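Colleague: Let me begin by handing over the structure; questions about it come next.
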Amino acid sequence: TIKLLKDVNETLDFNKKGTIDLNGHVISQGPDGRWCTIFVRGDSWSLTIIDSSEEGTGKVLNSSNYTGNFDMSCAIYVVGYLDIRGGTIESTNGYGIYNIGTTRIYGGTIIGKSGQSVMARYSNGFYIYGGKFSDDAGNGDYYIRANGKTLMKSGNYYELMTPVAKIGDDYYDSLEAAVNAASEDNTVVMVIDLDLGDPTFVIDKKVTLDLHGK
């Protein structure tokens, strides 16, 4: 494990297996820097990012104004394997993460320009098990909902939450939200047990409610 002891302004080409502990510090590239701050190279290399600081202020930042062959700059470009377990991954002019390899998000916050937190184009897989995102992480051609859950709005970010019901592949955090979103003759499927409590709500359209054993 590589543990940061101070902020650094440099580019890291990661061509091995290992862990970086941000430890409350920042790895950054400024306006005149390279298009990505960390490049996880090759399908045999893997990087895990954590932040052991109590304040949780560790960050991988890219504020490059790069306008070359790639869509935009990014904080981390992934060809190999990336696990995010803490810290903030942020690009002020592009994507937080540009993934064409395999990325798994367990924690931390991913932020991109104008809400473009993730580009998961032609990737082997982008798996979301936790964390917060500045948008719904749906940019690009490949996005996997993990463990039957999906990202839902929570304050200024989207977070992975346990859904209550679904319509097809679209999940909802309340039965009322699912019913409101349903078109005539849609089937709303329960995902978890639910106590509606008081007050209840009125279903004023023709829908099928599949209790699905709940």
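Ordering of the structure tokens sets the chain letters (A, B, ...); residue numbers start at 1 within each chain; ligands are numbered from 1 in the order shown.
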List the neighbours of range 185-202 of chain A out to 12 Å using only C-alpha atoms; skip same-chain residues closer than 5 positions along the sequence, and give me the result as a ChimeraX atom specification.
Modeller: /A:147-149,162-180,207-214
Colleague: Extract, using only C-alpha atoms, all DNA, RNA and protein residues at most 9 Å from range 92-109 of chain A, discarding same-chain residues fewer than 4 positions from it, and format them as JSON, numbers by chain.
Modeller: {"A": [40, 42, 43, 50, 51, 56, 60, 61, 62, 63, 64, 65, 66, 71, 72, 73, 74, 75, 76, 77, 78, 79, 80, 81, 82, 83, 84, 85, 86, 87, 88, 113, 114, 115, 116, 117, 118, 119, 120, 121, 122, 123, 124, 125, 126, 127, 128, 129, 130, 131, 132, 133, 134, 157]}
Colleague: Which residue gives the smallest distance to Leu12 in chain A among A:Ala181, A:Ile38, A:Ile27, A:Leu47, with only C-alpha atoms counted?
Modeller: A:Ile38
Colleague: Interatomic distance between CA of Ile111 in chain A and CA of Ser91 in chain A?
Modeller: 6.5 Å
Colleague: Under the rule that only C-alpha atoms are counted, which of A:Lys205, A:Asp32, A:Trp45, A:Thr57 is the nearest residue to Gly18 in chain A?
Modeller: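 Using only C-alpha atoms, the shortest distance to Gly18 in chain A belongs to A:Trp45.
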Colleague: To one decimal place in Å, what is the distance between CA of Gly58 in chain A and CA of Thr37 in chain A?
Modeller: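 So the answer is 14.2 Å.
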Colleague: With only C-alpha atoms as the atoms that count, which of A:Glu159, A:Leu5, A:Gly112, A:Lys206 lies nearest to Ala182 in chain A?
Modeller: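 Smallest separation from Ala182 in chain A among the options: A:Lys206.
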Colleague: Please identify which residues in chain A DSSP calls alpha helix (DSSP H) from the backbone, and express them as number ranges by chain.
Modeller: A: 175-181
Colleague: Can you measure CA of Thr67 in chain A to CA of Thr48 in chain A for me? One decimal in Å is fine.
Modeller: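 Taking CA of Thr67 in chain A and CA of Thr48 in chain A, their separation equals 28.1 Å.
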